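**Student:** Handing over model.txt, compact mmCIF, C-alpha atoms.
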```txt
# COMPACT_ATOMS: atom_id res chain seq x y z
CA MET A 1 131.35 -6.50 -31.64
CA ILE A 2 128.91 -5.56 -34.40
CA ASP A 3 129.89 -2.55 -36.50
CA LEU A 4 127.67 -0.89 -39.11
CA ARG A 5 129.18 1.59 -41.53
CA ARG A 6 128.27 2.91 -44.94
CA ASP A 7 130.22 3.00 -48.18
CA GLY A 8 128.14 4.97 -50.66
CA ASP A 9 124.85 3.10 -51.02
CA VAL A 10 126.14 -0.02 -49.25
CA PHE A 11 125.63 -0.66 -45.55
CA ILE A 12 128.43 -2.88 -44.25
CA LEU A 13 127.64 -4.98 -41.18
CA GLN A 14 130.86 -6.43 -39.80
CA MET A 15 131.04 -9.04 -37.05
CA SER A 16 134.35 -8.90 -35.20
CA ASN A 17 134.26 -10.89 -32.01
CA GLY A 18 136.42 -13.95 -32.54
CA GLU A 19 134.17 -16.73 -33.82
CA ASN A 20 131.28 -14.26 -34.14
CA ARG A 21 128.85 -16.48 -32.29
CA PHE A 22 125.27 -15.47 -31.61
CA ASN A 23 124.49 -14.55 -28.01
CA GLY A 24 122.14 -12.06 -26.39
CA GLU A 25 124.39 -9.09 -26.99
CA SER A 26 125.34 -9.86 -30.58
CA VAL A 27 121.82 -10.76 -31.69
CA ARG A 28 120.45 -7.51 -30.31
CA ALA A 29 123.26 -5.57 -31.99
CA ILE A 30 122.59 -7.22 -35.35
CA HIS A 31 118.93 -6.31 -35.09
CA ALA A 32 119.81 -2.73 -34.23
CA ALA A 33 121.97 -2.59 -37.37
CA LEU A 34 119.18 -4.10 -39.48
CA ASP A 35 116.79 -1.50 -38.05
CA GLU A 36 119.11 1.26 -39.24
CA VAL A 37 119.32 -0.23 -42.72
CA ALA A 38 115.55 -0.60 -42.89
CA ALA A 39 115.03 3.04 -41.92
CA ALA A 40 117.29 4.37 -44.67
CA GLU A 41 115.58 5.68 -47.77
CA GLY A 42 116.74 5.55 -51.35
CA PRO A 43 119.18 3.18 -53.05
CA LYS A 44 120.86 0.81 -50.64
CA SER A 45 122.32 -2.65 -50.21
CA LEU A 46 123.41 -4.66 -47.19
CA LEU A 47 126.76 -6.45 -47.02
CA THR A 48 127.67 -8.67 -44.08
CA THR A 49 131.10 -10.04 -43.28
CA GLY A 50 133.23 -11.36 -40.44
CA GLU A 51 136.86 -10.96 -39.54
CA ALA A 52 140.06 -13.04 -39.82
CA LYS A 53 139.19 -16.73 -40.29
CA PHE A 54 135.55 -16.63 -39.16
CA TYR A 55 132.40 -15.38 -40.83
CA SER A 56 130.31 -16.84 -37.98
CA ASN A 57 130.25 -20.11 -36.07
CA GLY A 58 126.60 -19.75 -35.11
CA LEU A 59 125.01 -20.07 -31.69
CA ASP A 60 127.12 -19.37 -28.62
CA LEU A 61 126.35 -22.68 -26.92
CA ASP A 62 128.38 -21.82 -23.82
CA TRP A 63 126.46 -18.58 -23.32
CA MET A 64 123.17 -20.43 -23.83
CA GLN A 65 123.90 -22.44 -20.66
CA THR A 66 124.18 -19.33 -18.49
CA PRO A 67 121.51 -17.81 -16.22
CA GLU A 68 121.54 -14.70 -18.41
CA ALA A 69 120.47 -16.76 -21.41
CA ALA A 70 117.71 -18.46 -19.44
CA GLU A 71 116.22 -15.04 -18.73
CA GLN A 72 116.09 -14.07 -22.42
CA SER A 73 113.01 -15.86 -23.69
CA GLY A 74 113.12 -14.05 -27.03
CA PHE A 75 116.66 -15.08 -27.94
CA MET A 76 115.87 -17.86 -30.43
CA THR A 77 113.11 -15.76 -31.96
CA GLY A 78 115.79 -13.12 -32.44
CA VAL A 79 118.07 -15.62 -34.19
CA HIS A 80 115.28 -16.75 -36.50
CA ALA A 81 114.37 -13.13 -37.18
CA ILE A 82 117.91 -12.38 -38.36
CA LEU A 83 117.46 -15.07 -41.01
CA GLY A 84 114.04 -13.75 -41.98
CA ARG A 85 115.08 -10.11 -42.09
CA ILE A 86 118.04 -10.84 -44.35
CA LEU A 87 116.21 -13.30 -46.62
CA PHE A 88 113.26 -10.95 -47.17
CA ASN A 89 115.12 -7.66 -47.01
CA ASP A 90 113.83 -4.90 -49.27
CA ALA A 91 117.47 -4.16 -50.10
CA PRO A 92 119.84 -6.46 -52.04
CA THR A 93 122.04 -8.43 -49.65
CA ALA A 94 125.55 -9.82 -50.04
CA ALA A 95 127.61 -12.06 -47.76
CA ALA A 96 131.40 -11.69 -47.92
CA MET A 97 132.29 -15.08 -46.43
CA ASN A 98 135.82 -14.38 -45.28
CA GLY A 99 136.15 -17.67 -43.37
CA HIS A 100 134.29 -20.43 -41.56
CA ALA A 101 130.49 -20.33 -41.66
CA PHE A 102 129.14 -23.00 -39.34
CA ALA A 103 125.65 -23.83 -38.06
CA GLY A 104 123.69 -20.60 -37.55
CA GLY A 105 126.51 -18.72 -39.25
CA ALA A 106 126.11 -20.93 -42.33
CA MET A 107 122.38 -20.24 -42.27
CA MET A 108 122.95 -16.51 -42.01
CA ALA A 109 125.34 -16.56 -44.96
CA ALA A 110 123.03 -18.78 -47.00
CA VAL A 111 120.03 -16.44 -46.93
CA HIS A 112 121.79 -13.55 -48.69
CA ASP A 113 121.05 -12.77 -52.33
CA TYR A 114 124.72 -12.97 -53.28
CA ARG A 115 127.34 -15.09 -51.52
CA VAL A 116 131.07 -15.00 -52.18
CA MET A 117 133.52 -17.13 -50.22
CA ARG A 118 137.27 -17.20 -49.79
CA GLU A 119 138.51 -19.80 -52.25
CA ASP A 120 141.46 -21.31 -50.42
CA ARG A 121 140.43 -21.79 -46.78
CA GLY A 122 137.30 -21.95 -44.64
CA TYR A 123 134.30 -24.24 -44.53
CA PHE A 124 130.54 -24.01 -44.75
CA CYS A 125 128.97 -26.58 -42.45
CA VAL A 126 125.63 -27.45 -40.85
CA PRO A 127 126.91 -29.72 -38.04
CA GLU A 128 123.73 -30.10 -35.97
CA VAL A 129 123.50 -33.83 -36.74
CA ASP A 130 126.87 -34.30 -35.00
CA LEU A 131 125.85 -32.06 -32.10
CA GLY A 132 122.55 -33.85 -31.51
CA LEU A 133 120.64 -30.60 -32.07
CA PRO A 134 117.76 -30.94 -34.56
CA LEU A 135 117.17 -27.97 -36.83
CA THR A 136 114.20 -25.82 -35.92
CA PRO A 137 111.47 -25.37 -38.54
CA GLY A 138 112.73 -21.84 -39.14
CA MET A 139 116.31 -22.99 -39.69
CA SER A 140 115.17 -25.69 -42.11
CA ALA A 141 113.01 -23.22 -44.02
CA ALA A 142 115.85 -20.72 -44.31
CA LEU A 143 118.21 -23.33 -45.73
CA GLN A 144 115.56 -24.77 -48.07
CA ALA A 145 115.02 -21.32 -49.53
CA ARG A 146 118.59 -20.83 -50.73
CA ILE A 147 120.35 -24.22 -50.89
CA PRO A 148 119.49 -26.71 -53.68
CA PRO A 149 117.70 -29.83 -52.34
CA ALA A 150 120.35 -32.46 -53.13
CA ALA A 151 123.17 -30.42 -51.63
CA LEU A 152 121.05 -29.48 -48.63
CA HIS A 153 120.26 -33.12 -47.95
CA GLN A 154 123.96 -33.95 -47.82
CA ALA A 155 124.76 -30.91 -45.72
CA VAL A 156 122.10 -31.65 -43.12
CA VAL A 157 122.18 -35.46 -42.82
CA THR A 158 125.97 -35.85 -42.93
CA GLY A 159 127.27 -32.63 -41.37
CA LYS A 160 129.65 -32.33 -44.32
CA ARG A 161 132.18 -29.51 -44.46
CA TRP A 162 132.10 -27.75 -47.82
CA GLY A 163 134.98 -25.71 -49.20
CA ALA A 164 134.35 -22.78 -51.51
CA PRO A 165 134.98 -24.55 -54.86
CA GLU A 166 132.52 -27.32 -53.96
CA LEU A 167 129.97 -24.79 -52.75
CA LEU A 168 130.20 -23.03 -56.10
CA ASP A 169 129.89 -26.29 -58.04
CA ASN A 170 126.71 -27.13 -56.13
CA ASP A 171 125.10 -23.68 -56.55
CA MET A 172 125.33 -22.95 -52.82
CA ILE A 173 127.20 -19.67 -53.41
CA GLU A 174 127.50 -17.32 -56.37
CA ALA A 175 131.27 -16.71 -56.45
CA THR A 176 134.65 -17.49 -54.95
CA ALA A 177 137.58 -15.11 -54.59
CA ALA A 178 141.08 -14.90 -53.21
CA GLU A 179 141.24 -13.87 -49.56
CA ALA A 180 142.20 -10.31 -50.44
CA ASP A 181 139.33 -9.99 -52.93
CA VAL A 182 136.35 -11.48 -51.07
CA PHE A 183 135.14 -8.22 -49.59
CA ALA A 184 135.75 -6.20 -52.76
CA THR A 185 133.87 -8.76 -54.85
CA ALA A 186 130.84 -8.60 -52.56
CA LEU A 187 131.02 -4.81 -52.38
CA GLU A 188 131.10 -4.44 -56.16
CA TRP A 189 127.99 -6.60 -56.49
CA ALA A 190 126.20 -4.74 -53.70
CA GLN A 191 127.00 -1.35 -55.23
CA GLY A 192 125.67 -2.49 -58.59
CA GLN A 193 122.39 -3.71 -57.13
CA ALA A 194 121.56 -0.89 -54.71
CA HIS A 195 119.14 0.76 -57.15
CA HIS A 196 116.86 -2.29 -56.84
CA ALA A 197 116.09 -1.60 -53.18
CA GLY A 198 112.43 -1.07 -52.41
CA GLU A 199 109.09 -2.68 -51.69
CA THR A 200 108.95 -4.46 -55.04
CA LEU A 201 112.12 -6.41 -54.30
CA GLY A 202 110.83 -7.48 -50.89
CA VAL A 203 107.49 -8.60 -52.35
CA MET A 204 109.23 -10.68 -55.01
CA LYS A 205 111.45 -12.40 -52.44
CA ARG A 206 108.42 -13.28 -50.35
CA GLY A 207 106.78 -14.74 -53.44
CA LEU A 208 109.82 -16.86 -54.26
CA TYR A 209 110.17 -18.31 -50.77
CA GLY A 210 106.62 -18.56 -49.48
CA HIS A 211 107.23 -21.40 -47.02
CA ALA A 212 110.12 -19.57 -45.40
CA PHE A 213 108.08 -16.36 -45.23
CA GLU A 214 105.31 -18.22 -43.41
CA THR A 215 107.81 -19.80 -41.00
CA LEU A 216 110.39 -17.12 -40.19
CA PRO A 217 109.74 -13.91 -38.24
CA THR A 218 110.69 -10.79 -40.15
CA GLU A 219 110.68 -8.21 -37.36
CA SER A 220 112.99 -7.69 -34.42
CA PRO A 221 111.59 -9.11 -31.15
CA PHE A 222 113.51 -6.51 -29.14
```
Just give me the structure of the file as C-alpha cells.
**Tutor:**
Amino acid sequence: MIDLRRDGDVFILQMSNGENRFNGESVRAIHAALDEVAAAEGPKSLLTTGEAKFYSNGLDLDWMQTPEAAEQSGFMTGVHAILGRILFNDAPTAAAMNGHAFAGGAMMAAVHDYRVMREDRGYFCVPEVDLGLPLTPGMSAALQARIPPAALHQAVVTGKRWGAPELLDNDMIEATAAEADVFATALEWAQGQAHHAGETLGVMKRGLYGHAFETLPTESPF
C-alpha cells in the first residue's frame, strides 16, 4: 500500500506493505503519488518512509517471475524513473529510513536530499553481488550521485550491510535518530526546506549530477 498525505507544506509518501518491495502495483502507485506532488504549486517538500522494520527491500523478485510481470514491459523503466524523479525533484526530498533499506530500496533512500536513519537497528545494503544481479547503468548512476566513491565501492563489490552510525561516518546519510524520532527529524528538515521548491532547485540538481540525469528517466512511463 502506498499512501500520500500532506502535513502543511510536506507531502508524506508512506510505503506500508510488509517489506515494501517494488512490483507492478507499488511502482505505479509511487508514480501516481509523485505526479500529485509535481502538480502542487507553491512551497512543498517530499518525505518518504516505510513502516515497522522496513523502509524498502527493493525489487519484488518473486513477482518478477510471474506472467503478470512478463506482460509489463515498462516495469524496470518505472523503477529507474522513481530514482530519477526523486533525485531531480523540484522539491526538497527527505527519506525517513525507519528500518532496512536493501537493493532498490537502498537506492531509493540514497537519492533523497536528506536521509535520516534509525540509529539502533536496520541496515542499508546493496546485495546484488550476492544475488548475481549486476546493477543496471541507471542504478549505478543513482548511487554514484549520492554515495561517496570509496563507500560505494565497498557497498557494491562486497554487499556489505551498513548500520546507521557507519552510514553517518561515511557521509552516506545526513543524520541518525532514535526510532521514535526518525520521522520527526525528517519532517522538521522537510518543513524548513519547503520554500526552496521550484524550477531553480531542479536545475541545480541536474547540474550537480549530470551523468545520472543523462542516464535516468525523469518521467513516469505509465
**Student:** Using all atoms listed in the file, can you tell me which of A:Leu152, A:Leu208, A:Arg121, A:Leu133 comes closest to Ala178 (chain A)?
**Tutor:** A:Arg121
**Student:** Looking at A:Ala175, A:Leu46, A:Ala150, A:Ile82, which one is nearest to Glu119 (chain A), with distances taken over all atoms listed in the file?
**Tutor:**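 That would be A:Ala175, the residue with the smallest distance to Glu119 (chain A).
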**Student:** Mind giving me the straight-line distance from CA of Ala38 (chain A) to CA of Lys53 (chain A) in Å, one decimal?
**Tutor:**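 A separation of 28.7 Å between them.
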**Student:** What does the distance between CA of Glu219 (chain A) and CA of Asp3 (chain A) come to in Å, to one decimal place?
**Tutor:** 20.0 Å
**Student:** Which residues of region 105-214 of chain A have any atom within 9 Å of an atom in region 58-75 of chain A when counting all atoms listed in the file, and what is the closest pair of atoms for each, with the distance in Å to one decimal? Order the rows by chain and rising number and write it as CSV.
**Tutor:**
```
residue,atom,partner,partner_atom,distance
A:Gly105,CA,A:Gly58,CA,4.3
A:Ala106,CA,A:Gly58,CA,7.3
A:Met107,CA,A:Gly58,CA,8.3
A:Met108,CA,A:Gly58,CA,8.5
```
**Student:** Let me make sure I understand: among A:Met139, A:Ala101, A:Val156, A:Ala52, which one has the smallest atom-to-atom distance to Glu179 (chain A) if we use all atoms listed in the file?
**Tutor:** A:Ala52
